[in-house]
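The file run_1.cif comes next; it holds mmCIF, C-alpha atoms.
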```
data_protein
loop_
_atom_site.label_atom_id
_atom_site.label_comp_id
_atom_site.auth_asym_id
_atom_site.auth_seq_id
_atom_site.Cartn_x
_atom_site.Cartn_y
_atom_site.Cartn_z
CA MET A 1 -9.20 16.16 -1.54
CA ARG A 2 -6.93 15.04 1.28
CA THR A 3 -5.12 11.91 0.26
CA GLN A 4 -4.72 9.68 3.29
CA PRO A 5 -6.15 11.00 6.53
CA ASN A 6 -4.39 8.26 8.48
CA ALA A 7 -0.99 8.75 6.92
CA PRO A 8 0.27 12.18 8.04
CA SER A 9 2.34 14.00 5.42
CA PRO A 10 5.98 14.86 6.16
CA ASP A 11 4.80 18.39 6.95
CA ARG A 12 2.31 17.18 9.49
CA GLN A 13 4.89 14.92 11.08
CA LEU A 14 7.17 17.93 11.46
CA VAL A 15 4.41 19.92 13.13
CA GLY A 16 3.71 16.99 15.43
CA ARG A 17 7.37 16.87 16.45
CA MET A 18 7.33 20.62 17.02
CA ALA A 19 4.35 20.18 19.32
CA GLY A 20 6.55 17.80 21.28
CA GLY A 21 9.16 20.54 21.67
CA GLU A 22 11.66 19.29 19.09
CA ASP A 23 13.30 22.39 17.67
CA ARG A 24 15.09 20.42 14.96
CA ALA A 25 11.66 19.88 13.42
CA LEU A 26 11.21 23.64 13.32
CA GLY A 27 14.53 23.89 11.48
CA GLU A 28 13.31 21.36 8.91
CA LEU A 29 10.05 23.23 8.50
CA PHE A 30 12.07 26.39 7.91
CA ASP A 31 14.08 24.59 5.25
CA ARG A 32 10.85 23.68 3.49
CA TYR A 33 9.00 26.99 3.83
CA GLY A 34 11.43 29.69 4.97
CA LYS A 35 12.19 30.95 1.51
CA THR A 36 8.54 31.00 0.44
CA LEU A 37 7.44 32.82 3.57
CA TYR A 38 10.26 35.33 3.33
CA ALA A 39 9.33 36.09 -0.28
CA LEU A 40 5.68 36.42 0.73
CA ALA A 41 6.53 38.71 3.64
CA LEU A 42 8.78 40.86 1.49
CA ALA A 43 6.10 41.17 -1.20
CA ILE A 44 3.75 42.56 1.45
CA VAL A 45 5.97 44.65 3.74
CA ARG A 46 8.49 45.69 1.07
CA GLU A 47 11.43 46.12 3.43
CA PRO A 48 13.88 43.28 4.07
CA ALA A 49 14.28 44.03 7.79
CA ASP A 50 10.50 43.99 8.26
CA ALA A 51 10.19 40.83 6.21
CA GLU A 52 12.73 39.11 8.45
CA GLU A 53 10.79 40.20 11.51
CA VAL A 54 7.60 38.79 10.03
CA VAL A 55 9.23 35.44 9.24
CA VAL A 56 10.78 35.10 12.71
CA ASP A 57 7.43 36.00 14.19
CA ALA A 58 5.47 33.64 11.98
CA PHE A 59 7.67 30.64 12.69
CA GLY A 60 7.57 31.63 16.36
CA GLN A 61 3.81 31.50 16.31
CA ALA A 62 3.83 28.18 14.43
CA TRP A 63 6.25 26.80 17.03
CA ARG A 64 4.16 27.95 19.97
CA SER A 65 0.86 26.83 18.52
CA ALA A 66 1.98 23.62 16.80
CA ALA A 67 -0.14 21.58 19.20
CA SER A 68 -3.28 23.34 18.10
CA PHE A 69 -2.63 22.82 14.38
CA ASP A 70 -5.75 21.18 13.00
CA PRO A 71 -5.21 19.18 9.78
CA ALA A 72 -8.96 19.14 9.22
CA ARG A 73 -8.76 22.85 8.47
CA GLY A 74 -6.09 22.65 5.79
CA SER A 75 -2.50 21.90 4.92
CA VAL A 76 0.60 22.94 6.84
CA GLY A 77 1.68 25.13 3.93
CA ALA A 78 -1.62 27.02 3.90
CA TRP A 79 -1.47 27.38 7.69
CA LEU A 80 2.02 28.87 7.58
CA ALA A 81 1.15 31.17 4.69
CA THR A 82 -1.91 32.39 6.56
CA ILE A 83 0.12 33.15 9.67
CA ALA A 84 2.87 34.95 7.76
CA ARG A 85 0.46 36.89 5.57
CA SER A 86 -1.61 38.10 8.47
CA ARG A 87 1.51 39.08 10.44
CA ALA A 88 2.82 40.98 7.43
CA LEU A 89 -0.46 42.77 6.82
CA ASP A 90 -0.70 43.62 10.53
CA LEU A 91 2.76 45.15 10.35
CA VAL A 92 1.88 47.21 7.29
CA ARG A 93 -1.31 48.43 8.94
CA ALA A 94 0.31 49.12 12.29
CA ARG A 95 3.04 51.17 10.72
CA GLY A 96 0.67 53.23 8.66
CA ARG A 97 1.97 52.19 5.31
CA ARG A 98 -1.41 52.28 3.69
CA ALA A 99 -0.10 55.12 1.56
CA LYS A 100 2.40 52.77 -0.07
CA VAL A 101 -0.23 50.15 -0.64
CA HIS A 102 -2.44 52.69 -2.34
CA GLU A 103 0.42 53.86 -4.48
CA ARG A 104 0.96 50.34 -5.68
CA ALA A 105 -2.75 49.83 -6.28
CA ALA A 106 -2.76 53.01 -8.34
CA LEU A 107 0.15 51.67 -10.39
CA LEU A 108 -1.67 48.41 -11.00
CA SER A 109 -4.84 50.23 -11.97
CA ASP A 110 -2.97 52.17 -14.62
CA GLY A 111 -2.57 48.83 -16.29
CA GLY A 112 0.60 46.92 -16.93
CA VAL A 113 2.94 49.29 -15.11
CA ALA A 114 3.61 46.82 -12.36
CA THR A 115 5.16 43.57 -13.50
CA PRO A 116 3.35 40.41 -12.48
CA LEU A 117 4.34 39.36 -8.99
CA ALA A 118 5.08 35.90 -10.24
CA ALA A 119 8.24 35.43 -12.25
CA PRO A 120 8.29 31.76 -13.23
CA GLY A 121 11.41 30.03 -14.30
CA ILE A 122 14.03 32.32 -12.81
CA ASP A 123 14.33 30.58 -9.50
CA PRO A 124 16.80 27.70 -9.18
CA GLY A 125 15.47 27.18 -5.66
CA ARG A 126 16.70 25.04 -2.83
CA GLY A 127 13.84 22.63 -2.30
CA ALA A 128 12.70 21.02 -5.54
CA GLU A 129 9.14 20.73 -4.25
CA GLN A 130 8.86 24.41 -3.45
CA SER A 131 10.44 25.34 -6.78
CA GLU A 132 7.89 23.24 -8.57
CA ALA A 133 5.10 24.93 -6.63
CA ARG A 134 6.56 28.33 -7.47
CA LEU A 135 6.71 27.42 -11.12
CA LEU A 136 3.14 26.11 -11.24
CA VAL A 137 1.71 29.02 -9.27
CA GLY A 138 3.62 31.48 -11.44
CA ARG A 139 2.28 29.85 -14.59
CA ALA A 140 -1.25 29.71 -13.21
CA LEU A 141 -1.23 33.39 -12.25
CA GLY A 142 0.26 34.20 -15.64
CA ALA A 143 -2.55 32.32 -17.33
CA LEU A 144 -5.23 34.48 -15.70
CA PRO A 145 -6.64 37.44 -17.56
CA GLU A 146 -4.87 40.52 -16.19
CA PRO A 147 -7.95 42.03 -14.46
CA GLN A 148 -8.63 38.78 -12.59
CA ARG A 149 -5.00 38.44 -11.54
CA VAL A 150 -4.88 42.04 -10.31
CA ALA A 151 -8.05 41.63 -8.23
CA ILE A 152 -6.67 38.50 -6.56
CA GLU A 153 -3.22 39.99 -5.97
CA LEU A 154 -4.62 43.16 -4.44
CA ALA A 155 -6.63 41.05 -2.01
CA TYR A 156 -3.87 38.62 -1.15
CA PHE A 157 -0.74 40.77 -1.14
CA GLU A 158 -2.24 44.11 -0.14
CA GLY A 159 -5.01 42.87 2.15
CA LEU A 160 -7.70 44.92 0.41
CA THR A 161 -11.38 43.96 0.56
CA GLN A 162 -13.47 43.71 -2.59
CA SER A 163 -14.99 47.13 -1.88
CA GLU A 164 -11.54 48.68 -1.41
CA ILE A 165 -10.35 47.12 -4.65
CA ALA A 166 -13.39 48.44 -6.50
CA GLU A 167 -12.66 51.89 -5.10
CA ARG A 168 -8.95 51.73 -5.99
CA LEU A 169 -9.57 50.57 -9.51
CA ALA A 170 -12.66 52.75 -9.99
CA GLU A 171 -14.64 49.73 -11.12
CA PRO A 172 -18.12 48.59 -10.04
CA LEU A 173 -18.07 46.31 -7.00
CA GLY A 174 -19.97 43.63 -8.93
CA THR A 175 -17.24 43.56 -11.56
CA ILE A 176 -14.55 43.01 -8.95
CA LYS A 177 -16.55 40.24 -7.30
CA THR A 178 -17.01 38.47 -10.61
CA ARG A 179 -13.33 38.78 -11.52
CA MET A 180 -12.15 37.54 -8.17
CA ARG A 181 -14.41 34.53 -8.20
CA ALA A 182 -13.66 33.64 -11.80
CA GLY A 183 -9.93 34.00 -11.17
CA MET A 184 -10.01 31.84 -8.05
CA GLU A 185 -12.06 29.16 -9.82
CA LYS A 186 -9.53 29.13 -12.62
CA LEU A 187 -6.60 28.90 -10.18
CA ARG A 188 -8.33 26.07 -8.39
CA GLY A 189 -8.48 24.16 -11.64
CA LEU A 190 -4.93 25.01 -12.71
CA LEU A 191 -3.41 24.22 -9.32
CA GLY A 192 -5.24 20.93 -8.91
CA PRO A 193 -2.05 18.85 -8.92
CA LEU A 194 -0.58 20.86 -6.05
CA LEU A 195 -3.83 20.82 -4.10
CA GLU A 196 -4.07 17.05 -4.25
CA GLY A 197 -0.52 16.68 -3.07
CA ALA A 198 -0.93 19.06 -0.16
CA SER A 199 -1.93 17.75 3.20
CA MET B 1 -23.28 24.26 -6.02
CA SER B 2 -24.24 26.48 -8.93
CA ASP B 3 -27.63 27.42 -7.44
CA HIS B 4 -26.32 28.04 -3.97
CA PRO B 5 -27.06 31.62 -2.85
CA TRP B 6 -23.72 31.85 -1.00
CA GLN B 7 -21.64 30.48 -3.87
CA ASP B 8 -19.86 33.78 -4.46
CA TYR B 9 -18.60 34.12 -0.89
CA ALA B 10 -16.17 31.24 -0.42
CA ALA B 11 -13.41 32.53 -2.74
CA PRO B 12 -13.27 36.12 -1.39
CA TYR B 13 -13.62 34.77 2.14
CA ALA B 14 -10.53 32.62 1.64
CA LEU B 15 -8.69 35.69 0.34
CA GLY B 16 -9.81 37.76 3.34
CA ALA B 17 -11.51 40.14 0.92
CA LEU B 18 -15.03 40.27 2.36
CA THR B 19 -16.14 43.31 4.31
CA ALA B 20 -16.52 42.70 8.04
CA GLU B 21 -20.28 42.62 7.68
CA ASP B 22 -20.32 40.09 4.82
CA ARG B 23 -17.72 37.99 6.60
CA SER B 24 -19.84 37.73 9.75
CA ALA B 25 -22.94 36.84 7.74
CA PHE B 26 -21.06 34.20 5.79
CA GLU B 27 -19.49 32.70 8.89
CA ALA B 28 -22.91 32.40 10.46
CA HIS B 29 -24.03 30.57 7.32
CA LEU B 30 -20.95 28.31 7.39
CA ALA B 31 -22.05 26.94 10.74
CA GLY B 32 -24.74 24.92 9.02
CA CYS B 33 -23.46 24.42 5.50
CA ASP B 34 -21.13 21.54 4.65
CA THR B 35 -21.00 22.60 1.01
CA CYS B 36 -19.65 26.02 1.83
CA ARG B 37 -17.19 24.68 4.39
CA THR B 38 -15.80 22.39 1.71
CA GLU B 39 -15.58 25.30 -0.71
CA VAL B 40 -13.84 27.50 1.86
CA ARG B 41 -11.31 24.81 2.55
CA ALA B 42 -10.55 24.32 -1.12
CA PHE B 43 -10.21 28.05 -1.78
CA SER B 44 -8.10 28.49 1.36
CA GLU B 45 -5.64 25.98 -0.06
CA VAL B 46 -5.58 27.93 -3.32
CA ALA B 47 -4.99 31.14 -1.36
CA GLY B 48 -2.23 29.42 0.61
CA LEU B 49 -0.47 28.55 -2.64
CA LEU B 50 -0.50 32.21 -3.71
CA ALA B 51 2.42 32.68 -1.33
CA HIS B 52 4.47 31.01 -4.07
CA GLY B 53 3.44 33.83 -6.39
CA ALA B 54 5.62 36.35 -4.58
CA PRO B 55 8.79 37.26 -6.49
CA ALA B 56 11.54 34.75 -5.74
CA VAL B 57 14.08 36.16 -3.34
CA GLU B 58 16.76 34.52 -1.25
CA PRO B 59 16.31 35.12 2.49
CA PRO B 60 19.33 36.39 4.42
CA PRO B 61 21.53 33.46 5.50
CA THR B 62 21.14 34.43 9.17
CA LEU B 63 17.37 34.07 9.12
CA ARG B 64 17.27 30.37 9.93
CA ALA B 65 19.41 30.85 13.02
CA ARG B 66 17.22 33.75 14.15
CA VAL B 67 14.08 31.64 13.81
CA LEU B 68 15.63 28.84 15.84
CA ALA B 69 17.10 31.17 18.47
CA GLU B 70 13.69 32.73 18.92
CA ALA B 71 12.07 29.34 19.33
CA ARG B 72 14.62 28.21 21.92
CA ARG B 73 13.55 31.08 24.14
CA VAL B 74 9.95 29.95 24.13
CA ARG B 75 8.59 26.53 24.83
CA PRO B 76 5.73 25.41 22.63
CA ILE B 77 2.34 25.12 24.23
CA VAL B 78 2.16 21.57 25.52
CA SER B 79 0.23 19.30 23.23
CA GLN B 80 -2.72 17.59 24.81
CA ARG B 81 -3.57 15.34 21.94
CA ARG B 82 -0.46 13.20 21.78
CA GLY B 83 -1.41 9.69 22.74
CA ALA B 84 -4.94 10.61 23.70
CA PRO B 85 -6.88 11.74 20.65
CA VAL B 86 -10.30 11.22 22.15
CA ALA B 87 -9.45 13.07 25.32
CA TRP B 88 -8.04 15.86 23.19
CA LEU B 89 -11.21 16.09 21.15
CA ALA B 90 -13.21 16.16 24.33
CA ALA B 91 -10.94 18.90 25.63
CA ALA B 92 -11.38 20.90 22.44
CA ALA B 93 -15.13 20.55 22.55
CA GLY B 94 -15.20 21.38 26.26
CA LEU B 95 -13.05 24.44 25.72
CA LEU B 96 -15.27 25.73 22.95
CA LEU B 97 -18.41 25.01 24.88
CA ALA B 98 -17.05 26.92 27.82
CA VAL B 99 -16.24 29.89 25.63
CA GLY B 100 -19.65 29.80 24.03
CA THR B 101 -20.77 29.99 20.44
CA GLY B 102 -19.75 32.83 18.19
CA VAL B 103 -18.97 33.76 14.65
CA GLU B 104 -16.71 30.73 14.31
CA ALA B 105 -19.28 28.41 15.71
CA TRP B 106 -18.92 26.21 12.66
CA ARG B 107 -15.52 25.19 13.89
CA LEU B 108 -17.12 24.07 17.11
CA THR B 109 -19.69 22.15 15.11
CA GLY B 110 -16.93 20.36 13.23
CA ARG B 111 -15.06 19.43 16.36
CA VAL B 112 -18.14 18.27 18.16
CA ARG B 113 -18.94 16.09 15.15
CA ALA B 114 -15.44 14.69 15.22
CA LEU B 115 -15.86 14.06 18.93
CA GLU B 116 -19.17 12.35 18.39
CA SER B 117 -17.78 10.05 15.74
CA ALA B 118 -14.77 9.26 17.90
CA LEU B 119 -17.05 8.50 20.81
CA ALA B 120 -19.31 6.33 18.72
CA HIS B 121 -16.26 4.31 17.81
CA SER B 122 -15.78 2.92 21.26
CA ASP B 123 -18.06 2.75 24.26
CA SER B 124 -15.19 2.40 26.67
CA THR B 125 -13.57 5.64 25.55
CA ARG B 126 -16.97 7.31 25.61
CA ALA B 127 -17.23 7.20 29.37
CA ALA B 128 -13.74 8.59 29.83
CA ALA B 129 -14.30 11.35 27.30
CA GLU B 130 -17.59 12.34 28.83
CA SER B 131 -16.11 12.59 32.28
CA THR B 132 -13.33 14.76 30.85
CA LEU B 133 -15.94 16.93 29.21
CA VAL B 134 -17.82 17.36 32.46
CA ALA B 135 -14.63 18.15 34.35
CA LEU B 136 -13.55 20.73 31.79
CA THR B 137 -16.84 22.55 31.55
CA GLY B 138 -17.18 22.76 35.32
CA PRO B 139 -14.69 25.38 36.50
CA GLU B 140 -14.99 27.50 33.34
CA VAL B 141 -11.49 28.81 33.66
CA HIS B 142 -8.95 29.16 30.86
CA VAL B 143 -5.37 30.15 31.20
CA VAL B 144 -2.75 31.52 28.87
CA SER B 145 0.98 31.80 29.58
CA LEU B 146 2.78 34.57 27.72
CA ALA B 147 6.41 33.76 27.18
CA ALA B 148 9.26 36.09 26.43
CA THR B 149 10.08 36.75 22.80
CA GLY B 150 13.13 38.85 23.69
CA ARG B 151 14.11 39.57 27.28
CA ALA B 152 12.97 37.84 30.43
CA PRO B 153 9.49 39.19 31.24
CA THR B 154 6.56 36.83 31.56
CA ALA B 155 2.87 37.24 32.10
CA ARG B 156 0.00 34.96 32.85
CA VAL B 157 -3.61 35.79 32.13
CA PHE B 158 -6.54 33.87 33.57
CA TRP B 159 -9.92 34.11 31.93
CA ASN B 160 -12.67 33.48 34.42
CA HIS B 161 -15.73 32.92 32.27
CA ALA B 162 -18.14 32.62 35.17
CA LYS B 163 -17.24 36.08 36.48
CA ALA B 164 -16.27 37.60 33.09
CA ARG B 165 -12.89 38.75 34.40
CA PHE B 166 -9.33 38.59 33.14
CA ILE B 167 -6.81 38.28 35.95
CA VAL B 168 -3.39 39.46 34.85
CA LEU B 169 -0.10 38.63 36.54
CA ALA B 170 3.14 40.01 35.14
CA PHE B 171 6.73 39.55 36.27
CA ASP B 172 10.03 41.18 35.34
CA LEU B 173 8.22 43.48 32.96
CA PRO B 174 9.74 46.98 33.23
CA ALA B 175 7.05 49.63 33.77
CA ALA B 176 5.78 51.19 30.54
CA ARG B 177 7.53 54.41 29.58
CA PRO B 178 6.01 57.73 30.79
CA GLY B 179 2.76 58.48 28.97
CA ARG B 180 2.47 54.83 27.89
CA THR B 181 0.65 51.78 29.15
CA TYR B 182 0.59 48.04 28.56
CA GLN B 183 -2.38 46.71 26.66
CA LEU B 184 -3.56 43.13 26.22
CA TRP B 185 -5.15 41.82 23.03
CA ALA B 186 -7.47 38.92 22.35
CA ILE B 187 -6.45 37.55 18.97
CA ALA B 188 -8.77 35.28 17.01
CA ASN B 189 -7.15 33.99 13.82
CA GLY B 190 -8.24 35.95 10.81
CA LYS B 191 -9.75 38.78 12.81
CA ALA B 192 -8.55 42.14 14.09
CA PRO B 193 -7.17 41.95 17.64
CA MET B 194 -9.56 43.14 20.35
CA SER B 195 -8.42 45.08 23.37
CA MET B 196 -8.70 43.21 26.66
CA GLY B 197 -7.76 46.33 28.63
CA THR B 198 -4.72 48.18 29.91
CA PHE B 199 -2.49 47.92 32.97
CA ASN B 200 0.99 48.84 34.08
CA THR B 201 3.68 47.23 36.19
CA ASN B 202 5.24 48.72 39.31
CA ALA B 203 8.86 49.69 39.93
CA GLN B 204 9.66 46.03 40.59
CA GLY B 205 8.28 45.09 37.18
CA ARG B 206 5.28 43.32 38.64
CA ALA B 207 1.57 43.72 38.03
CA TYR B 208 -1.64 42.24 39.29
CA ALA B 209 -4.72 43.49 37.50
CA VAL B 210 -8.33 42.45 37.15
CA LEU B 211 -9.98 43.48 33.88
CA PRO B 212 -13.65 43.05 32.93
CA VAL B 213 -14.25 40.89 29.84
CA ASP B 214 -15.91 42.89 27.10
CA ALA B 215 -18.94 41.23 25.50
CA GLN B 216 -17.31 41.74 22.10
CA ILE B 217 -14.48 39.44 23.10
CA THR B 218 -16.93 36.81 24.28
CA SER B 219 -18.67 37.10 20.91
CA LEU B 220 -15.43 36.19 19.10
CA GLY B 221 -16.24 32.62 20.05
CA PHE B 222 -12.78 31.12 19.89
CA VAL B 223 -9.80 33.25 20.85
CA ASP B 224 -6.52 31.74 19.65
CA ASN B 225 -3.89 33.96 21.20
CA CYS B 226 -3.25 36.69 23.72
CA GLY B 227 -0.71 39.42 23.05
CA LEU B 228 0.79 42.30 24.99
CA THR B 229 1.91 45.60 23.51
CA GLU B 230 2.99 48.97 24.86
CA GLU B 231 0.63 51.73 23.76
CA PRO B 232 0.00 55.42 24.43
CA ALA B 233 -1.73 56.04 27.79
CA GLY B 234 -5.38 55.10 27.63
CA GLY B 235 -4.69 52.34 25.11
CA SER B 236 -5.10 52.10 21.34
CA PRO B 237 -8.02 50.82 19.26
CA GLN B 238 -5.58 48.49 17.49
CA PRO B 239 -2.04 47.44 18.48
CA THR B 240 0.65 49.76 17.15
CA GLU B 241 3.52 47.30 17.53
CA ILE B 242 4.24 43.59 17.20
CA PRO B 243 3.33 41.99 20.53
CA ARG B 244 6.18 41.89 23.06
CA LEU B 245 4.63 38.90 24.74
CA LEU B 246 2.42 36.38 23.07
CA GLY B 247 0.80 33.14 24.07
CA ALA B 248 -1.84 30.70 22.87
CA TRP B 249 -4.84 30.16 25.09
CA HIS B 250 -5.08 26.70 26.50
CA HIS B 251 -7.03 24.97 29.18
CA SER B 252 -6.08 25.15 32.82
CA ASP B 253 -6.09 21.43 33.50
#
```

This entry written out as structure tokens:
Amino acid sequence: MRTQPNAPSPDRQLVGRMAGGEDRALGELFDRYGKTLYALALAIVREPADAEEVVVDAFGQAWRSAASFDPARGSVGAWLATIARSRALDLVRARGRRAKVHERAALLSDGGVATPLAAPGIDPGRGAEQSEARLLVGRALGALPEPQRVAIELAYFEGLTQSEIAERLAEPLGTIKTRMRAGMEKLRGLLGPLLEGAS
Amino acid sequence: MSDHPWQDYAAPYALGALTAEDRSAFEAHLAGCDTCRTEVRAFSEVAGLLAHGAPAVEPPPTLRARVLAEARRVRPIVSQRRGAPVAWLAAAAGLLLAVGTGVEAWRLTGRVRALESALAHSDSTRAAAESTLVALTGPEVHVVSLAATGRAPTARVFWNHAKARFIVLAFDLPAARPGRTYQLWAIANGKAPMSMGTFNTNAQGRAYAVLPVDAQITSLGFVDNCGLTEEPAGGSPQPTEIPRLLGAWHHSD
């Protein structure tokens, strides 16, 4: 799936320069991913001040650990998203906001009360590449049957396990597992163009 | 991989949605299964793209400057692979071997394979890499430097694998508030932080502490980072704040 193992992508070159201590490379990486990570953090922590903290923290961790970035394990974008998501979920957990998470899960389980997280087409965006990704991901999520999308979003944005999702939605665990897998398979197919371009 | 008994695990694993028990079982399986590793990688990329599914929102204009200001306070961990890929691979393999196998042993397997193929590529680099490997596995000591994310305090933690001890040195770190203590955390990516123990600094802001290494930490296999938080006296089961000091483990050479 990776295109050219011997030709590092612009992202990987940036991370390489960061590992060499070049903070301008960090600035460029922020220009490419700052908006996406901020939106991700805000979707999870819900408060702008907390989301900022998460983003500063996430880029800080990326900066400090740039030398240990391993392209064999995935793309720079996925690496950054993983860092930011786990920071954001840690913050939510540490501050005992599970109540809010559960509230939101309850809303989702009532069916259709919560609007889809993805809102394609309304974002003029700064980086064309990231806007295109946003558009495609928004469309792909929109193309999933609602129950599959909800299962995936509860896992990704709320950090719930399959068992917790089953409990929240009062559905059998097997049903949740099936939905999650089917949804992810479908996304994998729909997002193929982005996956091939990522490295 | 339609007949593969683990086929249902890769997608939820990538989403972090497996229970701790299932995750451990699956990670043990991953150690020996190329098919599942490929699946996990593919689904992890899909999961990474889900970040774009968050509602579009413009970050505050000051955020970029904050990110850069933060970075200027902390130097990145020095890269060991620039210009010497084979030596770096050897270092990575040596590091992991010194830590021992664990739930992320499959990562070790991958790196060792990469090392092997790199070594096979050239006999002359083989000798150098092997001697590096021997040198690194000898002392069995890792070190992590924790740099300031805000004020000036620093800490350095040595992990002596042979004696199963953490040796903690802290400087310019004001003593924890009354009824509170400092606590160190072993952080393996994708897993809950594990307590490394508690300590406090003296009136001069200094500390020297020796903490036993819990077997649970050893069983993590590969520990990515070390963090320091202030917690209620006696310590907490999980950190209750964002780490005040944080550093990535790297080798002492």

Review point. Mind listing as a ChimeraX atom specification all residues within 12 Å of (-1.9, 35.9, 10.1), counting only C-alpha atoms?
Key: /A:37,41,54-55,57-59,61-62,78-91,156,159 /B:15-16,48,187-193,224-225

At a cut-off of 8 Å, which residues of chain B touch chain A? Count all atoms listed in the file and give the answer as a PDB file with C-alpha atoms, keeping the file's coordinate frame.
```pdb
ATOM      1  CA  ASP B   8     -19.860  33.780  -4.460  1.00  0.00           C
ATOM      2  CA  ALA B  11     -13.410  32.530  -2.740  1.00  0.00           C
ATOM      3  CA  PRO B  12     -13.270  36.120  -1.390  1.00  0.00           C
ATOM      4  CA  LEU B  15      -8.690  35.690   0.340  1.00  0.00           C
ATOM      5  CA  GLY B  16      -9.810  37.760   3.340  1.00  0.00           C
ATOM      6  CA  ALA B  17     -11.510  40.140   0.920  1.00  0.00           C
ATOM      7  CA  LEU B  18     -15.030  40.270   2.360  1.00  0.00           C
ATOM      8  CA  THR B  19     -16.140  43.310   4.310  1.00  0.00           C
ATOM      9  CA  ARG B  41     -11.310  24.810   2.550  1.00  0.00           C
ATOM     10  CA  ALA B  42     -10.550  24.320  -1.120  1.00  0.00           C
ATOM     11  CA  PHE B  43     -10.210  28.050  -1.780  1.00  0.00           C
ATOM     12  CA  SER B  44      -8.100  28.490   1.360  1.00  0.00           C
ATOM     13  CA  GLU B  45      -5.640  25.980  -0.060  1.00  0.00           C
ATOM     14  CA  VAL B  46      -5.580  27.930  -3.320  1.00  0.00           C
ATOM     15  CA  ALA B  47      -4.990  31.140  -1.360  1.00  0.00           C
ATOM     16  CA  GLY B  48      -2.230  29.420   0.610  1.00  0.00           C
ATOM     17  CA  LEU B  49      -0.470  28.550  -2.640  1.00  0.00           C
ATOM     18  CA  LEU B  50      -0.500  32.210  -3.710  1.00  0.00           C
ATOM     19  CA  ALA B  51       2.420  32.680  -1.330  1.00  0.00           C
ATOM     20  CA  HIS B  52       4.470  31.010  -4.070  1.00  0.00           C
ATOM     21  CA  GLY B  53       3.440  33.830  -6.390  1.00  0.00           C
ATOM     22  CA  ALA B  54       5.620  36.350  -4.580  1.00  0.00           C
ATOM     23  CA  PRO B  55       8.790  37.260  -6.490  1.00  0.00           C
ATOM     24  CA  ALA B  56      11.540  34.750  -5.740  1.00  0.00           C
ATOM     25  CA  VAL B  57      14.080  36.160  -3.340  1.00  0.00           C
ATOM     26  CA  GLU B  58      16.760  34.520  -1.250  1.00  0.00           C
ATOM     27  CA  PRO B  59      16.310  35.120   2.490  1.00  0.00           C
ATOM     28  CA  LEU B  63      17.370  34.070   9.120  1.00  0.00           C
ATOM     29  CA  ARG B  64      17.270  30.370   9.930  1.00  0.00           C
ATOM     30  CA  ARG B  66      17.220  33.750  14.150  1.00  0.00           C
ATOM     31  CA  VAL B  67      14.080  31.640  13.810  1.00  0.00           C
ATOM     32  CA  LEU B  68      15.630  28.840  15.840  1.00  0.00           C
ATOM     33  CA  GLU B  70      13.690  32.730  18.920  1.00  0.00           C
ATOM     34  CA  ALA B  71      12.070  29.340  19.330  1.00  0.00           C
ATOM     35  CA  ARG B  72      14.620  28.210  21.920  1.00  0.00           C
ATOM     36  CA  VAL B  74       9.950  29.950  24.130  1.00  0.00           C
ATOM     37  CA  ARG B  75       8.590  26.530  24.830  1.00  0.00           C
ATOM     38  CA  PRO B  76       5.730  25.410  22.630  1.00  0.00           C
ATOM     39  CA  ILE B  77       2.340  25.120  24.230  1.00  0.00           C
ATOM     40  CA  VAL B  78       2.160  21.570  25.520  1.00  0.00           C
ATOM     41  CA  SER B  79       0.230  19.300  23.230  1.00  0.00           C
ATOM     42  CA  GLN B  80      -2.720  17.590  24.810  1.00  0.00           C
ATOM     43  CA  ARG B  81      -3.570  15.340  21.940  1.00  0.00           C
ATOM     44  CA  GLY B 190      -8.240  35.950  10.810  1.00  0.00           C
ATOM     45  CA  GLN B 238      -5.580  48.490  17.490  1.00  0.00           C
ATOM     46  CA  PRO B 239      -2.040  47.440  18.480  1.00  0.00           C
ATOM     47  CA  THR B 240       0.650  49.760  17.150  1.00  0.00           C
ATOM     48  CA  GLU B 241       3.520  47.300  17.530  1.00  0.00           C
ATOM     49  CA  ILE B 242       4.240  43.590  17.200  1.00  0.00           C
ATOM     50  CA  GLY B 247       0.800  33.140  24.070  1.00  0.00           C
ATOM     51  CA  ALA B 248      -1.840  30.700  22.870  1.00  0.00           C
TER      52      ALA B 248
END
```

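With all atoms listed in the file as the atoms that count, the minimum distance from Phe166 (chain B) to the choices B:Pro178, B:Pro243, B:Pro212, B:Pro153 is reached by B:Pro212.
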
Review point. Written as number ranges by chain, what is the full residue list that the PyMOL selection byres ((chain B and resi 204) around 10) yields on the file shown?
Key: B: 171-175, 201-203, 205-207

Output of the above residues as an mmCIF file, in the frame of the given file, restricted to C-alpha atoms:
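Contents of the output file result.cif:
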```
data_model
loop_
_atom_site.group_PDB
_atom_site.id
_atom_site.type_symbol
_atom_site.label_atom_id
_atom_site.label_comp_id
_atom_site.auth_asym_id
_atom_site.auth_seq_id
_atom_site.Cartn_x
_atom_site.Cartn_y
_atom_site.Cartn_z
ATOM 1 C CA PHE B 171 6.730 39.550 36.270
ATOM 2 C CA ASP B 172 10.030 41.180 35.340
ATOM 3 C CA LEU B 173 8.220 43.480 32.960
ATOM 4 C CA PRO B 174 9.740 46.980 33.230
ATOM 5 C CA ALA B 175 7.050 49.630 33.770
ATOM 6 C CA THR B 201 3.680 47.230 36.190
ATOM 7 C CA ASN B 202 5.240 48.720 39.310
ATOM 8 C CA ALA B 203 8.860 49.690 39.930
ATOM 9 C CA GLY B 205 8.280 45.090 37.180
ATOM 10 C CA ARG B 206 5.280 43.320 38.640
ATOM 11 C CA ALA B 207 1.570 43.720 38.030
#
```
